[in-house]
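Trainee: The structure file upload-v6.cif (mmCIF, C-alpha atoms and all ligand atoms) is provided below.
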data_my_file
loop_
_atom_site.group_PDB
_atom_site.id
_atom_site.type_symbol
_atom_site.label_atom_id
_atom_site.label_comp_id
_atom_site.auth_asym_id
_atom_site.auth_seq_id
_atom_site.Cartn_x
_atom_site.Cartn_y
_atom_site.Cartn_z
ATOM 1 C CA MET I 1093 -25.052 -10.361 3.519
ATOM 2 C CA VAL I 1094 -26.486 -12.689 6.136
ATOM 3 C CA GLY I 1095 -24.301 -14.927 8.297
ATOM 4 C CA ARG I 1096 -24.637 -18.669 7.886
ATOM 5 C CA GLY I 1097 -26.013 -19.150 11.405
ATOM 6 C CA LEU I 1098 -28.617 -16.440 10.930
ATOM 7 C CA LEU I 1099 -29.650 -17.896 7.579
ATOM 8 C CA ALA I 1100 -30.034 -21.366 9.118
ATOM 9 C CA ALA I 1101 -32.169 -19.892 11.928
ATOM 10 C CA ARG I 1102 -34.406 -18.136 9.405
ATOM 11 C CA VAL I 1103 -34.874 -21.275 7.342
ATOM 12 C CA ALA I 1104 -35.670 -23.251 10.504
ATOM 13 C CA PHE I 1105 -38.148 -20.569 11.605
ATOM 14 C CA ALA I 1106 -39.908 -20.648 8.228
ATOM 15 C CA LEU I 1107 -40.096 -24.463 8.329
ATOM 16 C CA ALA I 1108 -41.456 -24.360 11.883
ATOM 17 C CA VAL I 1109 -44.134 -21.848 10.878
ATOM 18 C CA VAL I 1110 -45.177 -24.122 8.010
ATOM 19 C CA ALA I 1111 -45.189 -27.213 10.237
ATOM 20 C CA VAL I 1112 -47.254 -25.557 13.006
ATOM 21 C CA SER I 1113 -49.711 -24.085 10.498
ATOM 22 C CA TRP I 1114 -50.049 -27.411 8.752
ATOM 23 C CA THR I 1115 -50.804 -29.429 11.871
ATOM 24 C CA SER I 1116 -53.139 -26.711 13.138
ATOM 25 C CA LEU I 1117 -55.305 -26.876 10.039
ATOM 26 C CA LEU I 1118 -55.474 -30.674 9.613
ATOM 27 C CA PRO I 1119 -58.731 -32.434 10.517
ATOM 28 C CA PRO I 1120 -58.373 -33.974 14.040
ATOM 29 C CA ALA I 1121 -58.403 -37.507 12.602
ATOM 30 C CA ASP I 1122 -55.368 -36.836 10.433
ATOM 31 C CA LEU I 1123 -53.174 -35.436 13.228
ATOM 32 C CA PRO I 1124 -49.859 -37.217 13.789
ATOM 33 C CA PRO I 1125 -49.435 -39.237 16.994
ATOM 34 C CA THR I 1126 -48.781 -37.015 20.013
ATOM 35 C CA LEU I 1127 -46.541 -39.368 22.048
ATOM 36 C CA GLY I 1128 -48.939 -39.119 24.951
ATOM 37 C CA LEU I 1129 -48.530 -35.358 25.311
ATOM 38 C CA SER I 1130 -51.635 -33.334 25.974
ATOM 39 C CA ASP I 1131 -52.959 -30.811 23.497
ATOM 40 C CA LYS I 1132 -51.925 -27.882 25.711
ATOM 41 C CA ALA I 1133 -48.404 -29.250 26.193
ATOM 42 C CA LEU I 1134 -48.039 -29.476 22.424
ATOM 43 C CA HIS I 1135 -49.137 -25.868 22.075
ATOM 44 C CA LEU I 1136 -46.643 -24.797 24.749
ATOM 45 C CA ILE I 1137 -43.714 -26.647 23.206
ATOM 46 C CA GLY I 1138 -44.519 -25.716 19.607
ATOM 47 C CA TYR I 1139 -44.819 -22.022 20.345
ATOM 48 C CA ALA I 1140 -41.766 -21.973 22.608
ATOM 49 C CA VAL I 1141 -39.750 -23.366 19.694
ATOM 50 C CA LEU I 1142 -41.310 -20.820 17.329
ATOM 51 C CA GLY I 1143 -40.463 -17.986 19.725
ATOM 52 C CA ALA I 1144 -36.872 -19.147 20.125
ATOM 53 C CA LEU I 1145 -36.382 -19.412 16.364
ATOM 54 C CA ALA I 1146 -37.975 -15.991 15.825
ATOM 55 C CA VAL I 1147 -35.396 -14.415 18.146
ATOM 56 C CA LEU I 1148 -32.540 -16.370 16.573
ATOM 57 C CA SER I 1149 -33.752 -15.128 13.178
ATOM 58 C CA GLY I 1150 -32.818 -11.633 14.274
ATOM 59 C CA LEU I 1151 -36.149 -10.314 15.565
ATOM 60 C CA ARG I 1152 -36.218 -8.147 18.672
ATOM 61 C CA TRP I 1153 -38.008 -9.865 21.582
ATOM 62 C CA SER I 1154 -41.087 -7.632 21.291
ATOM 63 C CA TRP I 1155 -41.506 -8.240 17.569
ATOM 64 C CA ALA I 1156 -40.837 -11.937 17.971
ATOM 65 C CA LEU I 1157 -43.590 -12.131 20.587
ATOM 66 C CA VAL I 1158 -46.045 -10.185 18.425
ATOM 67 C CA ALA I 1159 -45.258 -12.336 15.385
ATOM 68 C CA VAL I 1160 -45.544 -15.710 17.119
ATOM 69 C CA VAL I 1161 -48.615 -14.929 19.237
ATOM 70 C CA GLY I 1162 -50.152 -13.282 16.155
ATOM 71 C CA LEU I 1163 -49.581 -16.498 14.223
ATOM 72 C CA GLY I 1164 -51.293 -18.468 17.014
ATOM 73 C CA PHE I 1165 -54.248 -16.087 16.957
ATOM 74 C CA VAL I 1166 -54.614 -16.280 13.170
ATOM 75 C CA LEU I 1167 -54.424 -20.079 13.274
ATOM 76 C CA GLU I 1168 -57.105 -20.249 15.988
ATOM 77 C CA LEU I 1169 -59.322 -17.967 13.873
ATOM 78 C CA ALA I 1170 -58.730 -20.265 10.888
ATOM 79 C CA GLN I 1171 -59.619 -23.306 13.016
ATOM 80 C CA GLY I 1172 -62.849 -21.568 14.035
ATOM 81 C CA ALA I 1173 -63.675 -20.902 10.402
ATOM 82 C CA LEU I 1174 -62.874 -24.425 9.220
ATOM 83 C CA GLY I 1175 -65.730 -26.117 11.054
ATOM 84 C CA TYR I 1176 -63.954 -29.415 11.848
ATOM 85 C CA ARG I 1177 -61.732 -27.656 14.429
ATOM 86 C CA SER I 1178 -62.596 -24.856 16.777
ATOM 87 C CA PHE I 1179 -61.388 -21.528 18.131
ATOM 88 C CA GLU I 1180 -60.212 -22.067 21.705
ATOM 89 C CA TRP I 1181 -59.026 -19.297 24.007
ATOM 90 C CA ARG I 1182 -57.224 -21.881 26.139
ATOM 91 C CA ASP I 1183 -55.175 -22.985 23.159
ATOM 92 C CA LEU I 1184 -54.306 -19.368 22.447
ATOM 93 C CA ALA I 1185 -53.309 -18.877 26.094
ATOM 94 C CA ALA I 1186 -51.022 -21.897 25.840
ATOM 95 C CA ASP I 1187 -49.556 -20.475 22.628
ATOM 96 C CA ALA I 1188 -48.861 -17.125 24.284
ATOM 97 C CA LEU I 1189 -47.316 -18.770 27.346
ATOM 98 C CA GLY I 1190 -45.053 -21.001 25.249
ATOM 99 C CA ALA I 1191 -44.085 -18.125 22.957
ATOM 100 C CA SER I 1192 -43.219 -15.866 25.909
ATOM 101 C CA ALA I 1193 -41.034 -18.542 27.479
ATOM 102 C CA GLY I 1194 -39.219 -19.284 24.218
ATOM 103 C CA VAL I 1195 -38.771 -15.664 23.218
ATOM 104 C CA LEU I 1196 -37.643 -14.265 26.563
ATOM 105 C CA LEU I 1197 -35.309 -17.128 27.428
ATOM 106 C CA THR I 1198 -33.655 -17.025 23.998
ATOM 107 C CA TRP I 1199 -33.479 -13.231 24.062
ATOM 108 C CA ARG I 1200 -31.631 -13.352 27.370
ATOM 109 C CA ILE I 1201 -29.127 -15.849 26.034
ATOM 110 C CA VAL I 1202 -28.606 -13.898 22.792
ATOM 111 C CA GLU I 1203 -28.117 -10.649 24.710
ATOM 112 C CA GLU I 1204 -25.667 -12.296 27.065
ATOM 113 C CA VAL I 1205 -23.579 -13.633 24.188
ATOM 114 C CA ARG I 1206 -23.702 -10.282 22.394
ATOM 115 C CA GLN I 1207 -22.610 -8.435 25.518
ATOM 116 C CA ARG I 1208 -19.758 -10.806 26.194
ATOM 117 C CA ARG I 1209 -18.580 -10.436 22.625
ATOM 118 C CA SER I 1210 -18.612 -6.628 22.803
ATOM 119 C CA VAL I 1211 -16.829 -6.665 26.159
ATOM 120 C CA ARG I 1212 -14.136 -8.827 24.645
ATOM 121 C CA ALA I 1213 -13.839 -6.515 21.616
ATOM 122 C CA GLN I 1214 -13.538 -3.459 23.840
ATOM 123 C CA GLU I 1215 -10.932 -5.184 25.959
ATOM 124 C CA ALA I 1216 -8.864 -5.965 22.862
ATOM 125 C CA LYS I 1217 -9.218 -2.378 21.685
ATOM 126 C CA ARG I 1218 -8.058 -1.010 25.052
ATOM 127 C CA GLN I 1219 -5.119 -3.394 24.992
ATOM 128 C CA ARG I 1220 -4.053 -2.201 21.545
ATOM 129 C CA ARG I 1221 -4.325 1.431 22.632
ATOM 130 C CA ARG I 1222 -2.242 0.707 25.744
ATOM 131 C CA GLU I 1223 0.487 -0.919 23.654
ATOM 132 C CA ARG I 1224 0.506 2.005 21.238
ATOM 133 C CA ARG I 1225 0.880 4.494 24.085
ATOM 134 C CA GLN I 1226 3.671 2.378 25.572
ATOM 135 C CA ARG I 1227 5.557 2.370 22.287
ATOM 136 C CA ALA I 1228 5.129 6.138 21.937
ATOM 137 C CA ARG I 1229 6.451 6.724 25.459
ATOM 138 C CA ASN I 1230 9.643 4.669 25.147
ATOM 139 C CA PRO I 1231 10.602 4.235 21.545
ATOM 140 C CA GLN I 1232 13.250 1.680 20.639
ATOM 141 C CA PRO I 1233 16.632 3.203 21.496
ATOM 142 C CA GLU I 1234 18.698 3.692 18.383
ATOM 143 C CA ARG I 1235 21.834 1.627 18.608
ATOM 144 C CA PRO I 1236 24.872 2.911 16.736
ATOM 145 C CA MET I 1237 25.961 0.252 14.288
ATOM 146 C CA ASN I 1238 29.102 -0.369 12.356
ATOM 147 C CA PRO I 1239 28.261 1.234 8.977
ATOM 148 C CA ALA I 1240 29.519 -1.740 7.003
ATOM 149 C CA ARG I 1241 27.384 -4.154 8.993
ATOM 150 C CA ALA I 1242 24.431 -1.831 8.747
ATOM 151 C CA ALA I 1243 24.910 -1.717 4.998
ATOM 152 C CA ALA I 1244 25.170 -5.490 4.760
ATOM 153 C CA ARG I 1245 22.019 -5.916 6.773
ATOM 154 C CA LYS I 1246 19.910 -3.220 5.202
ATOM 155 C CA GLY I 1247 20.803 -3.772 1.580
ATOM 156 C CA PRO I 1248 22.169 -1.154 -0.778
ATOM 157 C CA PRO I 1249 24.077 1.661 0.981
ATOM 158 C CA THR I 1250 23.664 5.244 -0.233
ATOM 159 C CA TRP I 1251 26.408 6.806 -2.330
ATOM 160 C CA GLN I 1252 27.053 9.242 0.545
ATOM 161 C CA VAL I 1253 27.967 6.334 2.856
ATOM 162 C CA VAL I 1254 30.104 4.667 0.221
ATOM 163 C CA GLY I 1255 31.720 8.025 -0.655
ATOM 164 C CA GLN I 1256 32.858 8.570 2.924
ATOM 165 C CA ARG I 1257 34.817 5.344 2.783
ATOM 166 C CA GLN I 1258 35.843 5.070 -0.867
ATOM 167 C CA GLY I 1259 35.822 8.677 -2.116
ATOM 168 C CA THR I 1260 33.270 10.246 -4.419
ATOM 169 C CA LYS I 1261 35.245 10.139 -7.670
ATOM 170 C CA CYS I 1262 33.821 7.873 -10.360
ATOM 171 C CA TRP I 1263 35.363 4.448 -9.887
ATOM 172 C CA LEU I 1264 34.725 3.659 -13.524
ATOM 173 C CA CYS I 1265 36.131 6.712 -15.338
ATOM 174 C CA GLY I 1266 38.136 8.390 -12.581
ATOM 175 C CA ARG I 1267 36.515 11.818 -12.966
ATOM 176 C CA ARG I 1268 34.617 13.798 -10.394
ATOM 177 C CA THR I 1269 30.968 13.106 -9.740
ATOM 178 C CA HIS I 1270 28.607 16.054 -9.412
ATOM 179 C CA GLU I 1271 26.044 15.964 -6.663
ATOM 180 C CA ASP I 1272 24.487 19.186 -7.964
ATOM 181 C CA ASP I 1273 23.712 17.457 -11.264
ATOM 182 C CA ARG I 1274 20.035 17.152 -10.459
ATOM 183 C CA GLN I 1275 16.886 19.143 -11.071
ATOM 184 C CA ARG I 1276 14.089 19.656 -8.663
ATOM 185 C CA GLN I 1277 10.761 18.590 -10.169
ATOM 186 C CA PRO I 1278 7.459 20.402 -9.526
ATOM 187 C CA ASN I 1279 6.336 17.446 -7.391
ATOM 188 C CA GLY I 1280 9.339 17.846 -5.069
ATOM 189 C CA THR I 1281 11.389 14.877 -6.273
ATOM 190 C CA TYR I 1282 14.682 15.224 -8.100
ATOM 191 C CA ARG I 1283 15.554 14.263 -11.621
ATOM 192 C CA LEU I 1284 19.097 12.989 -11.409
ATOM 193 C CA GLY I 1285 21.638 13.822 -14.112
ATOM 194 C CA ALA I 1286 24.160 11.565 -15.836
ATOM 195 C CA THR I 1287 27.117 12.715 -13.710
ATOM 196 C CA TYR I 1288 25.265 12.454 -10.409
ATOM 197 C CA PRO I 1289 26.898 9.833 -8.140
ATOM 198 C CA THR I 1290 25.480 6.379 -7.644
ATOM 199 C CA VAL I 1291 26.736 3.123 -6.170
ATOM 200 C CA VAL I 1292 28.240 0.289 -8.177
ATOM 201 C CA TYR I 1293 29.659 -3.006 -6.934
ATOM 202 C CA VAL I 1294 33.077 -4.417 -7.706
ATOM 203 C CA THR I 1295 31.537 -7.868 -7.870
ATOM 204 C CA PRO I 1296 28.029 -7.167 -9.119
ATOM 205 C CA ILE I 1297 25.157 -8.179 -6.820
ATOM 206 C CA ASP I 1298 23.671 -10.512 -9.437
ATOM 207 C CA ARG I 1299 26.978 -12.334 -9.599
ATOM 208 C CA GLY I 1300 27.071 -12.969 -5.878
ATOM 209 C CA GLY I 1301 28.606 -9.680 -4.737
ATOM 210 C CA SER I 1302 27.572 -8.253 -1.383
ATOM 211 C CA TYR I 1303 26.345 -4.828 -0.303
ATOM 212 C CA GLU I 1304 29.347 -4.510 2.013
ATOM 213 C CA LEU I 1305 31.228 -1.232 1.715
ATOM 214 C CA ASP I 1306 34.356 -3.117 0.649
ATOM 215 C CA ASN I 1307 32.509 -4.209 -2.455
ATOM 216 C CA ALA I 1308 30.848 -0.831 -3.127
ATOM 217 C CA ARG I 1309 32.150 2.141 -5.114
ATOM 218 C CA VAL I 1310 30.837 5.507 -6.198
ATOM 219 C CA ALA I 1311 30.400 6.068 -9.941
ATOM 220 C CA HIS I 1312 28.662 8.394 -12.359
ATOM 221 C CA ARG I 1313 25.128 7.318 -13.113
ATOM 222 C CA HIS I 1314 25.930 7.105 -16.788
ATOM 223 C CA CYS I 1315 29.102 5.103 -16.203
ATOM 224 C CA ALA I 1316 27.162 2.709 -13.978
ATOM 225 C CA ALA I 1317 24.457 2.418 -16.619
ATOM 226 C CA LEU I 1318 27.046 1.713 -19.319
ATOM 227 C CA ARG I 1319 28.563 -0.977 -17.236
ATOM 228 C CA GLU I 1320 25.215 -2.562 -16.411
ATOM 229 C CA SER I 1321 23.152 -2.622 -19.544
ATOM 230 C CA ASP I 1322 22.693 -2.404 -23.264
ATOM 231 C CA VAL I 1323 20.020 0.220 -22.699
ATOM 232 C CA GLY I 1324 22.672 2.343 -20.997
ATOM 233 C CA ARG I 1325 25.008 1.815 -23.947
ATOM 234 C CA ARG I 1326 22.374 3.060 -26.368
ATOM 235 C CA GLU I 1327 21.456 6.030 -24.218
ATOM 236 C CA TYR I 1328 24.930 7.240 -23.392
ATOM 237 C CA GLY I 1329 26.926 6.058 -26.397
ATOM 238 C CA THR I 1330 29.845 3.661 -26.554
ATOM 239 C CA PRO I 1331 32.039 3.594 -23.443
ATOM 240 C CA LYS I 1332 35.588 4.821 -23.987
ATOM 241 C CA ARG I 1333 36.954 2.170 -21.683
ATOM 242 C CA THR I 1334 35.667 -1.211 -20.742
ATOM 243 C CA TYR I 1335 35.439 -1.969 -17.094
ATOM 244 C CA GLY I 1336 34.971 -5.179 -15.386
HETATM 245 ZN ZN ZN K 1401 32.384 8.144 -14.656
#
Can I see the file as structure tokens?
Ligand SMILES: [Zn+2]

Mentor:
Amino acid sequence: MVGRGLLAARVAFALAVVAVSWTSLLPPADLPPTLGLSDKALHLIGYAVLGALAVLSGLRWSWALVAVVGLGFVLELAQGALGYRSFEWRDLAADALGASAGVLLTWRIVEEVRQRRSVRAQEAKRQRRRERRQRARNPQPERPMNPARAAARKGPPTWQVVGQRQGTKCWLCGRRTHEDDRQRQPNGTYRLGATYPTVVYVTPIDRGGSYELDNARVAHRHCAALRESDVGRREYGTPKRTYG
């Protein structure tokens, strides 16, 4: 994947190569007007632009120089072969001078930008590391919080928390809950049984009840399921009492 800027530079470089080649191979009579610039000045400017675009296209300065001066040399050879134009060492010297100026100046700018960018990236990285170390050194002190408020803020409380306040008997059927009614699975989690305790809400959450401990009770999992859903009814049979 090539960035949009790089792609634009490559397209511009290709167009510039075509334009320079084209004008170099035209018969002298067909050349476009030069705006009063001398032949050597045109060579200088054209090849400086080529050099700059070569660097912006992603070439290293050395390769950019070889490519652009090589193009100038090939075009001079072609001019010598054409008959109506001629091979001129002075033109080639102007090409090389222009190319060097364009390539080296652009290379310096590109390097400068690249360096500044990497310095900024490193600075950001250091800053992140510093913040991480700071957090590790003084972690947020844990503030004791009123359990009810903590429950209200955090969402559903555990049955252990509710049990401390409300007792661990099943609020729905009045019998004991069994916290050993669970089986350890090979993957380390527990499969909870029907009489294992869970939390139910006096006013159900979906009817606007809150997670506050005043609204929470401990119940058997199967009693809670019966109260909540038809699926629970099917799985555990018909409830002996209705609750609500
Ligand atoms: Zn129960």

Trainee: Since I can't run it myself right now, could you work out what the PyMOL selection byres (((chain I and resi 1250) around 10) and not hetatm) selects here and report it as a list in words?

Mentor: Ala1243, Gly1247, Pro1248, Pro1249, Trp1251, Gln1252, Val1253, Val1254, Gly1255, Pro1289, Thr1290, Val1291, Ala1308 and Val1310 of chain I

Trainee: Go through I:Thr1295, I:Thr1287, I:Asn1230, I:Gln1171 one by one, measure the shortest atom-to-atom distance of each to ligand ZN 1401 (chain K) using only C-alpha atoms and all ligand atoms, and give the residue with the smallest value.

Mentor: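 Answer, going by the shortest atom-to-atom distance: I:Thr1287.
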
Trainee: Please write out the residues within 7 Å of ligand ZN 1401 (chain K) as a PyMOL selection string, counting only C-alpha atoms and all ligand atoms.

Mentor: chain I and resi 1262-1267+1311-1312+1314-1315

Trainee: Identify which of the residues I:Gln1277, I:Asn1307, I:Gln1219, I:Ser1178 lies closest to I:Val1292, counting all atoms listed in the file when measuring atom-to-atom distances.

Mentor: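 That would be I:Asn1307, the residue with the smallest distance to I:Val1292.
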
Trainee: Between I:Ala1146, I:Leu1167, I:Leu1134, I:Leu1284, which residue has the minimum interatomic distance to I:Gly1190, considering all atoms listed in the file?

Mentor: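 Closest to I:Gly1190, using all atoms listed in the file: I:Leu1134.
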
Trainee: Could you list as a short mmCIF file (atom, residue, chain, number, x, y, z; two decimals) with C-alpha atoms, in the frame of the given file every residue that has an atom within 10 Å of (-53.7, -25.5, 10.1), using the file's coordinates and counting all atoms listed in the file?

Mentor:
data_model
loop_
_atom_site.label_atom_id
_atom_site.label_comp_id
_atom_site.auth_asym_id
_atom_site.auth_seq_id
_atom_site.Cartn_x
_atom_site.Cartn_y
_atom_site.Cartn_z
CA VAL I 1110 -45.18 -24.12 8.01
CA ALA I 1111 -45.19 -27.21 10.24
CA VAL I 1112 -47.25 -25.56 13.01
CA SER I 1113 -49.71 -24.08 10.50
CA TRP I 1114 -50.05 -27.41 8.75
CA THR I 1115 -50.80 -29.43 11.87
CA SER I 1116 -53.14 -26.71 13.14
CA LEU I 1117 -55.30 -26.88 10.04
CA LEU I 1118 -55.47 -30.67 9.61
CA PRO I 1119 -58.73 -32.43 10.52
CA VAL I 1166 -54.61 -16.28 13.17
CA LEU I 1167 -54.42 -20.08 13.27
CA GLU I 1168 -57.10 -20.25 15.99
CA ALA I 1170 -58.73 -20.26 10.89
CA GLN I 1171 -59.62 -23.31 13.02
CA LEU I 1174 -62.87 -24.42 9.22
CA ARG I 1177 -61.73 -27.66 14.43
#

Trainee: For I:Thr1198, which residue among I:Leu1163, I:Ala1213, I:Ala1173, I:Ala1140 is the nearest when counting all atoms listed in the file?

Mentor: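 Looking at the shortest contact to I:Thr1198, the residue is I:Ala1140.
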
Trainee: Take atom CA of I:Leu1107 and atom CA of I:Leu1148 and report the distance between them in Å, one decimal.

Mentor: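 These atoms are spaced 13.8 Å apart.
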
Trainee: For the PyMOL selection byres (((chain I and resi 1098) around 12) and not hetatm), applied here, can you spell out every residue it catches as a list in words?

Mentor: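 Written out, the selection comes to Met1093, Val1094, Gly1095, Arg1096, Gly1097, Leu1099, Ala1100, Ala1101, Arg1102, Val1103, Ala1104, Phe1105, Leu1145, Ala1146, Val1147, Leu1148, Ser1149, Gly1150 and Leu1151 of chain I.
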
Trainee: Please return as a PyMOL selection string every residue within 12 Å of (-38.3, -17.3, 23.2), taking into account only C-alpha atoms and the file's own coordinates.

Mentor: chain I and resi 1136-1161+1187-1202

Trainee: One decimal, in Å: what's the spacing between atom CA of I:Ala1108 and atom CA of I:Pro1120?

Mentor: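 If I compute the distance from atom CA of I:Ala1108 to atom CA of I:Pro1120, I get 19.6 Å.
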
Trainee: Have a look at atom CA of I:Gly1164 and atom CA of I:Ala1186 and let me know their distance in Å, one decimal.

Mentor: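 Value for the atom CA of I:Gly1164-atom CA of I:Ala1186 distance: 9.5 Å.
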
Trainee: Specify the axis-aligned box that encloses all atoms of stretch 1209-1212 of chain I listed in the file after padding of 3 Å on each side, stating its centre and edge lengths in Å to one decimal as AutoDock Vina command-line options.

Mentor:
--center_x -16.4 --center_y -8.5 --center_z 24.4 --size_x 10.5 --size_y 9.8 --size_z 9.5
